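Trainee: Just one file: start.cif, with mmCIF, C-alpha atoms.
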data_target
#
loop_
_atom_site.label_atom_id
_atom_site.label_comp_id
_atom_site.auth_asym_id
_atom_site.auth_seq_id
_atom_site.Cartn_x
_atom_site.Cartn_y
_atom_site.Cartn_z
CA MET A 1 14.68 9.05 1.46
CA ARG A 2 12.77 12.25 2.04
CA GLU A 3 9.43 13.73 1.17
CA ASN A 4 9.22 17.29 -0.10
CA GLY A 5 8.67 19.91 2.55
CA PRO A 6 10.63 22.53 4.48
CA VAL A 7 12.49 21.47 7.58
CA THR A 8 13.93 24.71 8.88
CA SER A 9 14.09 28.30 7.73
CA ALA A 10 17.87 28.52 7.93
CA THR A 11 19.12 31.22 5.58
CA ARG A 12 22.78 31.70 6.50
CA GLN A 13 25.14 32.18 3.61
CA PRO A 14 27.76 29.56 2.71
CA GLU A 15 30.52 29.03 5.23
CA THR A 16 33.65 27.10 4.34
CA PRO A 17 35.44 24.86 6.85
CA ALA A 18 39.17 25.29 6.83
CA SER A 19 41.11 22.35 5.43
CA ALA A 20 44.66 22.00 4.16
CA VAL A 21 43.96 18.52 2.74
CA PRO A 22 42.90 18.35 -0.93
CA PRO A 23 39.61 16.42 -1.25
CA ARG A 24 39.61 13.06 -2.99
CA LEU A 25 35.94 12.14 -2.58
CA ILE A 26 32.61 13.98 -2.45
CA ALA A 27 29.81 12.21 -0.59
CA THR A 28 26.40 13.77 -1.13
CA ASP A 29 22.90 13.00 0.01
CA LEU A 30 20.20 13.28 -2.67
CA ASP A 31 16.74 14.41 -1.50
CA GLY A 32 16.84 17.87 0.01
CA THR A 33 20.54 18.12 -0.81
CA LEU A 34 21.72 17.40 -4.36
CA LEU A 35 18.20 17.21 -5.81
CA ARG A 36 15.89 20.17 -6.04
CA ASP A 37 12.44 19.80 -4.48
CA ASP A 38 11.04 18.72 -7.87
CA LYS A 39 13.55 15.80 -7.75
CA SER A 40 15.59 17.18 -10.64
CA VAL A 41 19.35 17.60 -10.90
CA SER A 42 19.98 21.10 -12.18
CA PRO A 43 22.27 21.70 -15.18
CA ARG A 44 24.60 23.62 -12.87
CA THR A 45 24.86 20.65 -10.51
CA VAL A 46 25.40 18.19 -13.38
CA ALA A 47 28.27 20.36 -14.63
CA ALA A 48 29.79 20.65 -11.15
CA LEU A 49 29.72 16.87 -10.59
CA ALA A 50 31.32 16.25 -14.00
CA ALA A 51 34.00 18.86 -13.29
CA ALA A 52 34.80 17.21 -9.95
CA GLU A 53 35.22 13.81 -11.59
CA GLU A 54 37.34 15.39 -14.32
CA ALA A 55 39.57 16.82 -11.60
CA GLY A 56 40.06 13.33 -10.16
CA ILE A 57 37.61 13.63 -7.25
CA GLU A 58 35.29 10.65 -6.85
CA VAL A 59 31.60 11.33 -6.28
CA PHE A 60 29.47 9.04 -4.14
CA PHE A 61 25.72 9.41 -3.89
CA VAL A 62 24.84 8.46 -0.30
CA THR A 63 21.09 8.21 0.22
CA GLY A 64 18.26 6.64 2.14
CA ARG A 65 16.65 5.72 -1.18
CA PRO A 66 16.45 2.10 -2.30
CA ALA A 67 18.31 1.10 -5.44
CA ARG A 68 15.13 1.09 -7.52
CA TRP A 69 14.72 4.84 -6.88
CA MET A 70 18.15 5.76 -8.23
CA ASP A 71 16.97 6.55 -11.75
CA VAL A 72 17.03 10.26 -10.80
CA VAL A 73 20.84 10.19 -10.87
CA SER A 74 21.66 7.17 -13.05
CA ASP A 75 22.36 9.48 -15.99
CA HIS A 76 24.85 11.50 -13.96
CA VAL A 77 27.24 8.82 -12.73
CA HIS A 78 30.82 9.10 -13.82
CA GLY A 79 33.85 6.91 -13.18
CA HIS A 80 32.97 4.10 -10.77
CA GLY A 81 29.19 4.75 -10.72
CA LEU A 82 28.72 3.49 -7.18
CA ALA A 83 26.06 4.67 -4.74
CA ILE A 84 25.37 3.94 -1.08
CA CYS A 85 21.64 3.25 -0.71
CA GLY A 86 19.24 2.51 2.14
CA ASN A 87 21.21 4.62 4.65
CA GLY A 88 24.25 2.39 4.24
CA ALA A 89 22.49 -0.96 3.90
CA ALA A 90 23.69 -1.45 0.31
CA VAL A 91 26.40 -0.34 -2.07
CA VAL A 92 25.02 -0.38 -5.61
CA ASP A 93 26.64 -0.19 -9.04
CA LEU A 94 24.45 2.15 -11.11
CA HIS A 95 26.08 1.49 -14.48
CA GLY A 96 23.35 -0.93 -15.53
CA GLY A 97 20.74 1.82 -15.44
CA PRO A 98 17.24 1.72 -13.93
CA GLY A 99 16.11 -1.81 -13.13
CA ALA A 100 19.56 -3.31 -13.75
CA HIS A 101 21.48 -2.18 -10.69
CA ARG A 102 24.02 -4.59 -9.21
CA PHE A 103 24.44 -4.94 -5.45
CA VAL A 104 28.13 -4.72 -4.61
CA LYS A 105 27.76 -4.88 -0.82
CA VAL A 106 24.75 -5.65 1.41
CA ARG A 107 24.61 -4.98 5.15
CA GLU A 108 21.34 -6.57 6.09
CA LEU A 109 19.07 -6.28 9.09
CA ALA A 110 18.75 -9.77 10.57
CA ARG A 111 15.14 -10.90 10.72
CA GLU A 112 15.31 -11.58 14.44
CA ASN A 113 16.47 -8.00 14.99
CA ALA A 114 13.75 -6.78 12.65
CA LEU A 115 11.08 -8.64 14.59
CA ASP A 116 12.42 -7.24 17.86
CA ALA A 117 12.29 -3.75 16.38
CA VAL A 118 8.70 -4.18 15.23
CA ARG A 119 7.61 -5.31 18.67
CA LEU A 120 9.59 -2.82 20.76
CA VAL A 121 8.80 0.28 18.72
CA ARG A 122 5.10 -0.63 18.64
CA GLU A 123 5.17 -1.08 22.43
CA ALA A 124 6.83 2.33 22.83
CA ALA A 125 4.55 4.02 20.29
CA PRO A 126 1.19 2.22 19.85
CA GLY A 127 -0.27 2.86 16.44
CA THR A 128 3.05 2.45 14.58
CA VAL A 129 2.71 0.76 11.19
CA TYR A 130 5.48 -0.79 9.10
CA ALA A 131 6.91 -1.42 5.66
CA ILE A 132 9.83 -3.72 4.83
CA GLU A 133 12.57 -2.83 2.32
CA GLN A 134 14.48 -5.78 0.87
CA THR A 135 17.06 -5.89 -1.87
CA TYR A 136 14.42 -6.17 -4.58
CA GLY A 137 11.07 -6.32 -2.79
CA PHE A 138 8.91 -3.85 -0.90
CA TYR A 139 6.30 -5.15 1.55
CA GLN A 140 3.97 -3.32 3.90
CA GLU A 141 1.21 -3.62 6.44
CA PRO A 142 -2.31 -2.81 5.19
CA ALA A 143 -2.50 0.34 7.33
CA TYR A 144 0.84 1.72 6.14
CA PRO A 145 0.07 4.88 4.11
CA LYS A 146 0.92 5.34 0.44
CA LEU A 147 4.02 7.41 1.07
CA HIS A 148 6.19 6.08 -1.70
CA MET A 149 3.98 6.04 -4.80
CA GLU A 150 4.52 2.36 -5.49
CA ILE A 151 2.56 -0.85 -5.23
CA PRO A 152 3.86 -3.20 -2.51
CA ASP A 153 4.72 -6.79 -3.38
CA ASN A 154 2.61 -8.05 -0.49
CA LEU A 155 0.29 -6.74 2.23
CA ALA A 156 0.36 -8.42 5.66
CA PRO A 157 1.24 -7.73 9.31
CA ALA A 158 4.96 -7.07 9.74
CA GLU A 159 5.39 -10.25 11.79
CA LYS A 160 4.16 -12.32 8.84
CA LEU A 161 6.24 -10.34 6.35
CA LEU A 162 9.35 -11.17 8.39
CA ALA A 163 8.52 -14.83 9.01
CA PRO A 164 10.87 -17.56 7.69
CA ASP A 165 8.26 -18.68 5.16
CA ALA A 166 7.22 -15.18 4.04
CA PRO A 167 7.35 -14.14 0.37
CA GLY A 168 10.86 -12.93 -0.34
CA ALA A 169 12.28 -14.69 2.73
CA ASP A 170 15.41 -15.55 0.74
CA GLU A 171 16.14 -11.84 0.17
CA PRO A 172 18.07 -9.74 2.71
CA VAL A 173 16.11 -7.15 4.67
CA LEU A 174 17.75 -3.76 4.21
CA LYS A 175 15.61 -1.68 6.52
CA ILE A 176 12.22 -1.31 8.17
CA LEU A 177 10.14 1.81 7.73
CA ALA A 178 8.10 2.70 10.82
CA TYR A 179 5.37 5.32 10.47
CA HIS A 180 3.24 6.97 13.13
CA PRO A 181 0.29 9.15 12.09
CA GLU A 182 0.33 11.47 15.11
CA LEU A 183 3.69 11.71 16.86
CA ASP A 184 6.21 14.51 16.48
CA PRO A 185 8.98 13.18 14.19
CA ASP A 186 11.89 13.96 16.53
CA ALA A 187 10.04 12.66 19.58
CA PHE A 188 9.26 9.44 17.69
CA LEU A 189 12.93 9.07 16.76
CA THR A 190 14.07 9.54 20.34
CA SER A 191 11.47 7.06 21.63
CA ALA A 192 12.48 4.40 19.10
CA ARG A 193 16.19 4.80 19.81
CA LEU A 194 15.59 4.35 23.53
CA ALA A 195 13.40 1.32 22.90
CA LEU A 196 15.84 -0.44 20.56
CA GLY A 197 19.20 0.38 22.11
CA ASP A 198 21.91 -1.46 20.17
CA ARG A 199 19.55 -3.94 18.47
CA ALA A 200 19.31 -1.73 15.39
CA ASN A 201 20.23 1.69 14.03
CA VAL A 202 17.33 4.17 13.86
CA THR A 203 17.23 7.44 11.94
CA ARG A 204 14.91 9.54 9.81
CA SER A 205 15.04 11.56 6.60
CA SER A 206 11.42 12.61 6.22
CA PRO A 207 9.67 15.65 7.70
CA SER A 208 6.87 13.29 8.78
CA ALA A 209 7.03 10.74 11.63
CA LEU A 210 8.67 8.10 9.42
CA LEU A 211 11.64 6.23 10.87
CA GLU A 212 14.20 4.09 9.03
CA ILE A 213 15.54 1.11 10.98
CA SER A 214 18.73 -0.65 9.81
CA GLY A 215 21.10 -3.27 11.17
CA PRO A 216 23.24 -2.49 14.22
CA GLY A 217 26.02 -0.09 13.27
CA VAL A 218 24.69 0.38 9.73
CA SER A 219 24.63 4.02 8.68
CA LYS A 220 25.67 6.22 5.82
CA ALA A 221 28.85 7.01 7.74
CA SER A 222 29.91 3.45 8.50
CA THR A 223 29.38 2.21 4.95
CA LEU A 224 31.07 5.27 3.48
CA ALA A 225 34.01 4.62 5.83
CA LEU A 226 34.27 1.04 4.53
CA CYS A 227 34.19 2.21 0.90
CA CYS A 228 36.82 4.87 1.58
CA ALA A 229 39.09 2.44 3.43
CA GLU A 230 38.99 0.13 0.40
CA ARG A 231 40.26 3.04 -1.70
CA GLY A 232 42.85 4.30 0.75
CA ILE A 233 40.91 7.52 1.29
CA ALA A 234 41.10 9.08 4.76
CA PRO A 235 38.18 10.90 6.41
CA GLU A 236 39.98 14.24 6.08
CA GLU A 237 40.02 13.74 2.29
CA VAL A 238 36.19 13.53 2.15
CA VAL A 239 33.73 16.39 1.63
CA ALA A 240 30.14 15.52 2.61
CA PHE A 241 26.76 17.20 2.12
CA GLY A 242 23.42 16.56 3.84
CA ASP A 243 20.21 17.97 5.26
CA MET A 244 18.50 15.47 7.59
CA PRO A 245 19.23 13.41 10.74
CA ASN A 246 20.28 10.37 8.68
CA ASP A 247 23.20 12.50 7.44
CA VAL A 248 24.53 13.54 10.86
CA GLU A 249 27.01 10.66 11.35
CA MET A 250 28.38 11.09 7.81
CA LEU A 251 28.83 14.84 8.25
CA THR A 252 30.58 14.30 11.57
CA TRP A 253 32.88 11.63 10.10
CA ALA A 254 33.99 13.56 7.01
CA GLY A 255 36.89 15.99 7.17
CA GLN A 256 34.79 18.72 5.59
CA SER A 257 31.01 18.75 5.75
CA TYR A 258 28.23 21.07 4.68
CA ALA A 259 24.70 21.44 5.95
CA MET A 260 22.24 22.70 3.37
CA GLY A 261 20.44 25.97 4.02
CA ASN A 262 17.22 23.96 4.40
CA ALA A 263 18.76 21.51 6.88
CA HIS A 264 17.38 20.09 10.13
CA PRO A 265 18.82 21.80 13.25
CA ASP A 266 20.79 18.65 14.19
CA VAL A 267 22.50 18.76 10.80
CA LEU A 268 23.33 22.45 11.13
CA ALA A 269 24.96 21.65 14.46
CA ALA A 270 26.91 18.63 13.15
CA ALA A 271 28.38 20.05 9.94
CA SER A 272 31.62 22.02 9.83
CA GLY A 273 30.25 24.35 7.15
CA ARG A 274 27.02 25.56 5.61
CA THR A 275 25.87 26.24 2.08
CA VAL A 276 22.70 27.58 0.50
CA ASP A 277 19.63 25.38 0.11
CA ASN A 278 19.03 22.57 -2.37
CA ASN A 279 16.88 24.71 -4.67
CA GLU A 280 19.78 27.15 -4.97
CA ASP A 281 22.25 24.39 -5.95
CA GLY A 282 24.10 24.49 -2.63
CA VAL A 283 26.23 21.44 -3.48
CA ALA A 284 27.33 22.93 -6.80
CA VAL A 285 28.20 26.24 -5.10
CA VAL A 286 30.70 24.48 -2.84
CA ILE A 287 32.14 22.23 -5.56
CA GLU A 288 32.70 25.19 -7.90
CA ARG A 289 34.50 27.13 -5.18
CA MET A 290 36.51 24.08 -4.16
CA LEU A 291 37.70 23.45 -7.72
CA ALA A 292 38.52 27.14 -8.24
CA GLU A 293 40.76 27.05 -5.16
CA ARG A 294 42.69 24.09 -6.64
CA ARG A 295 43.73 26.04 -9.72
#
Would you mind writing the file out in structure tokens?
Mentor:
Amino acid sequence: MRENGPVTSATRQPETPASAVPPRLIATDLDGTLLRDDKSVSPRTVAALAAAEEAGIEVFFVTGRPARWMDVVSDHVHGHGLAICGNGAAVVDLHGGPGAHRFVKVRELARENALDAVRLVREAAPGTVYAIEQTYGFYQEPAYPKLHMEIPDNLAPAEKLLAPDAPGADEPVLKILAYHPELDPDAFLTSARLALGDRANVTRSSPSALLEISGPGVSKASTLALCCAERGIAPEEVVAFGDMPNDVEMLTWAGQSYAMGNAHPDVLAAASGRTVDNNEDGVAVVIERMLAERR
């Protein structure tokens, strides 16, 4: 999940990591990576994804977005139609279309861990406000800003939203969103990680000070690894694309990985290759070249 806005001014031309292993799966982030800044999927990218599937390469969308925000790519799923959402908290079947997605796998954040996270991050960074992402519901504190252009299902302090008798208490919590109006985004991330330790996984995908807190060990990389293991696909057979800190583990895990030209410095350091930015169809550039090399 990412708001529009530049992250770095990286302008290096595409670099290709060496690999003798033919790819079997493409794992791509959405915002700032596959999608252009206007949230569209370009015709060139649509054609490249279809050509990859036609060549027998599976495509997984791996995003911080919740399932209800997957309409931007629902028309472009081929084959299995699965996506990893919420930074690894859910695997979703997109075939039903917007509003009819089916959860295939859920890796929830236990409410006791969520409550610990709320308390500890607020102690480390006073002024932090929260929203709660569940499988179908979205809840927030009254002071949480309107970052996501949607109406929350309920407004209350986070402690009440996570209580056993709260609305939606029978639904799994996928992640907590923690926002601070003043802190530097990377400094906020470091502070929260130190405060939480192994109680939860903390990352970010926004250029603002907005953190995404998931269950212990839950990340794009760990859920992608589970999905690949189920298919007998090894890490070296995966090509991954990303632009923000929530992509770092996935890019490190995959045999080949590409940082977008607009990527965060941590992503540029983690990836084995680089491509041009999202508005220049950097994912399609790599896929086209990859398929040409297979001929």
Trainee: CA of Gly137 in chain A and CA of Gly168 in chain A are how many Å apart?
Mentor: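 Rounded to one decimal, the two atoms are 7.1 Å apart.
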Trainee: Please determine, counting all atoms listed in the file, which residue among A:Glu133, A:Glu112, A:Glu141, A:Glu182 has the shortest atom-to-atom distance to Pro164 in chain A.
Mentor: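 The shortest atom-to-atom distance to Pro164 in chain A comes from A:Glu112.
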Trainee: Got a sec: who's within 10 Å of Asp38 in chain A, counting only C-alpha atoms, leaving out chain neighbours fewer than 3 positions off, as JSON, numbers by chain?
Mentor: {"A": [4, 31, 32, 35, 41, 279]}
Trainee: Given the choices A:Arg289, A:Arg231, A:His264, A:Arg44, which gets closest to Asn246 in chain A if the distance is worked out from all atoms listed in the file?
Mentor: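 Counting all atoms listed in the file, the residue closest to Asn246 in chain A is A:His264.
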Trainee: With distances taken over all atoms listed in the file, which residue among A:Ala254, A:Leu268, A:Ala221, A:Ala263 lies nearest Glu237 in chain A?
Mentor: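 Among A:Ala254, A:Leu268, A:Ala221, A:Ala263, it is A:Ala254 that comes nearest to Glu237 in chain A.
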Trainee: Given only C-alpha atoms as the basis, pick out the residue of A:Ala55, A:Leu162, A:Val239, A:Met244 nearest to Ala117 in chain A.
Mentor: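 Using only C-alpha atoms, Ala117 in chain A sits closest to A:Leu162.
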Trainee: I need the residue nearest His101 in chain A from this list: A:Ala89, A:Ile84, A:Val129, A:Ala67. Use only C-alpha atoms for the distance.
Mentor: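 Looking only at the distances to His101 in chain A, the closest residue turns out to be A:Ala67.
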Trainee: Which residues match the PyMOL selection byres ((chain A and resi 40) around 12) in the file above, as a count of residues only?
Mentor: 26
Trainee: What is the distance, in Å and to one decimal place, between CA of Ile287 in chain A and CA of Ala48 in chain A?
Mentor: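 If I compute the distance from CA of Ile287 in chain A to CA of Ala48 in chain A, I get 6.3 Å.
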Trainee: Rounded to one decimal in Å, what is the spacing between CA of Gly88 in chain A and CA of Phe241 in chain A?
Mentor: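 Spanning CA of Gly88 in chain A to CA of Phe241 in chain A is a straight-line distance of 15.2 Å.
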Trainee: Of the candidates A:Asp153, A:Glu236, A:Asp29, A:Thr135, which shows the shortest atom-to-atom distance to Gly282 in chain A, using all atoms listed in the file?
Mentor: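 Nearest candidate to Gly282 in chain A out of A:Asp153, A:Glu236, A:Asp29, A:Thr135: A:Asp29.
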Trainee: As JSON, please report the centre and edge lengths, rounded to one decimal in Å, of the axis-aligned box that holds all listed atoms of range 124-129 of chain A with 4 Å of padding on each of the six sides.
Mentor:
{"center_x": 3.3, "center_y": 2.4, "center_z": 17.0, "size_x": 15.1, "size_y": 11.3, "size_z": 19.6}
Trainee: Against range 208-220 of chain A, which residues of range 116-201 of chain A fall within 8 Å? For each one I want the closest pair of atoms and the distance in Å (one decimal), counting only C-alpha atoms, rows by chain and increasing residue number, as JSON lines.
Mentor:
{"residue": "A:Ala117", "atom": "CA", "partner": "A:Ile213", "partner_atom": "CA", "distance": 8.0}
{"residue": "A:Leu174", "atom": "CA", "partner": "A:Ser214", "partner_atom": "CA", "distance": 6.5}
{"residue": "A:Lys175", "atom": "CA", "partner": "A:Ser214", "partner_atom": "CA", "distance": 4.6}
{"residue": "A:Ile176", "atom": "CA", "partner": "A:Ile213", "partner_atom": "CA", "distance": 5.0}
{"residue": "A:Leu177", "atom": "CA", "partner": "A:Glu212", "partner_atom": "CA", "distance": 4.8}
{"residue": "A:Ala178", "atom": "CA", "partner": "A:Leu211", "partner_atom": "CA", "distance": 5.0}
{"residue": "A:Tyr179", "atom": "CA", "partner": "A:Leu210", "partner_atom": "CA", "distance": 4.4}
{"residue": "A:His180", "atom": "CA", "partner": "A:Ala209", "partner_atom": "CA", "distance": 5.6}
{"residue": "A:Pro181", "atom": "CA", "partner": "A:Ala209", "partner_atom": "CA", "distance": 6.9}
{"residue": "A:Glu182", "atom": "CA", "partner": "A:Ala209", "partner_atom": "CA", "distance": 7.6}
{"residue": "A:Leu183", "atom": "CA", "partner": "A:Ala209", "partner_atom": "CA", "distance": 6.3}
{"residue": "A:Asp184", "atom": "CA", "partner": "A:Ala209", "partner_atom": "CA", "distance": 6.2}
{"residue": "A:Pro185", "atom": "CA", "partner": "A:Ala209", "partner_atom": "CA", "distance": 4.0}
{"residue": "A:Asp186", "atom": "CA", "partner": "A:Ala209", "partner_atom": "CA", "distance": 7.6}
{"residue": "A:Phe188", "atom": "CA", "partner": "A:Ala209", "partner_atom": "CA", "distance": 6.6}
{"residue": "A:Leu189", "atom": "CA", "partner": "A:Leu211", "partner_atom": "CA", "distance": 6.7}
{"residue": "A:Asp198", "atom": "CA", "partner": "A:Pro216", "partner_atom": "CA", "distance": 6.2}
{"residue": "A:Arg199", "atom": "CA", "partner": "A:Pro216", "partner_atom": "CA", "distance": 5.8}
{"residue": "A:Ala200", "atom": "CA", "partner": "A:Pro216", "partner_atom": "CA", "distance": 4.2}
{"residue": "A:Asn201", "atom": "CA", "partner": "A:Ser214", "partner_atom": "CA", "distance": 5.1}
Trainee: What does the file look like for those residues with C-alpha atoms, as a PDB file, in the coordinates of the input?
Mentor:
ATOM      1  CA  ALA A 117      12.290  -3.750  16.380  1.00  0.00           C
ATOM      2  CA  LEU A 174      17.750  -3.760   4.210  1.00  0.00           C
ATOM      3  CA  LYS A 175      15.610  -1.680   6.520  1.00  0.00           C
ATOM      4  CA  ILE A 176      12.220  -1.310   8.170  1.00  0.00           C
ATOM      5  CA  LEU A 177      10.140   1.810   7.730  1.00  0.00           C
ATOM      6  CA  ALA A 178       8.100   2.700  10.820  1.00  0.00           C
ATOM      7  CA  TYR A 179       5.370   5.320  10.470  1.00  0.00           C
ATOM      8  CA  HIS A 180       3.240   6.970  13.130  1.00  0.00           C
ATOM      9  CA  PRO A 181       0.290   9.150  12.090  1.00  0.00           C
ATOM     10  CA  GLU A 182       0.330  11.470  15.110  1.00  0.00           C
ATOM     11  CA  LEU A 183       3.690  11.710  16.860  1.00  0.00           C
ATOM     12  CA  ASP A 184       6.210  14.510  16.480  1.00  0.00           C
ATOM     13  CA  PRO A 185       8.980  13.180  14.190  1.00  0.00           C
ATOM     14  CA  ASP A 186      11.890  13.960  16.530  1.00  0.00           C
ATOM     15  CA  PHE A 188       9.260   9.440  17.690  1.00  0.00           C
ATOM     16  CA  LEU A 189      12.930   9.070  16.760  1.00  0.00           C
ATOM     17  CA  ASP A 198      21.910  -1.460  20.170  1.00  0.00           C
ATOM     18  CA  ARG A 199      19.550  -3.940  18.470  1.00  0.00           C
ATOM     19  CA  ALA A 200      19.310  -1.730  15.390  1.00  0.00           C
ATOM     20  CA  ASN A 201      20.230   1.690  14.030  1.00  0.00           C
TER      21      ASN A 201
END
Trainee: Write out as a list in words each polymer residue whose atoms come within 10 Å of Ala124 in chain A, counting only C-alpha atoms; drop sequence neighbours fewer than 5 positions from it.
Mentor: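 Listing them by chain and then by number gives Arg119, Phe188, Ser191, Ala192, Leu194, Ala195 and Leu196 of chain A.
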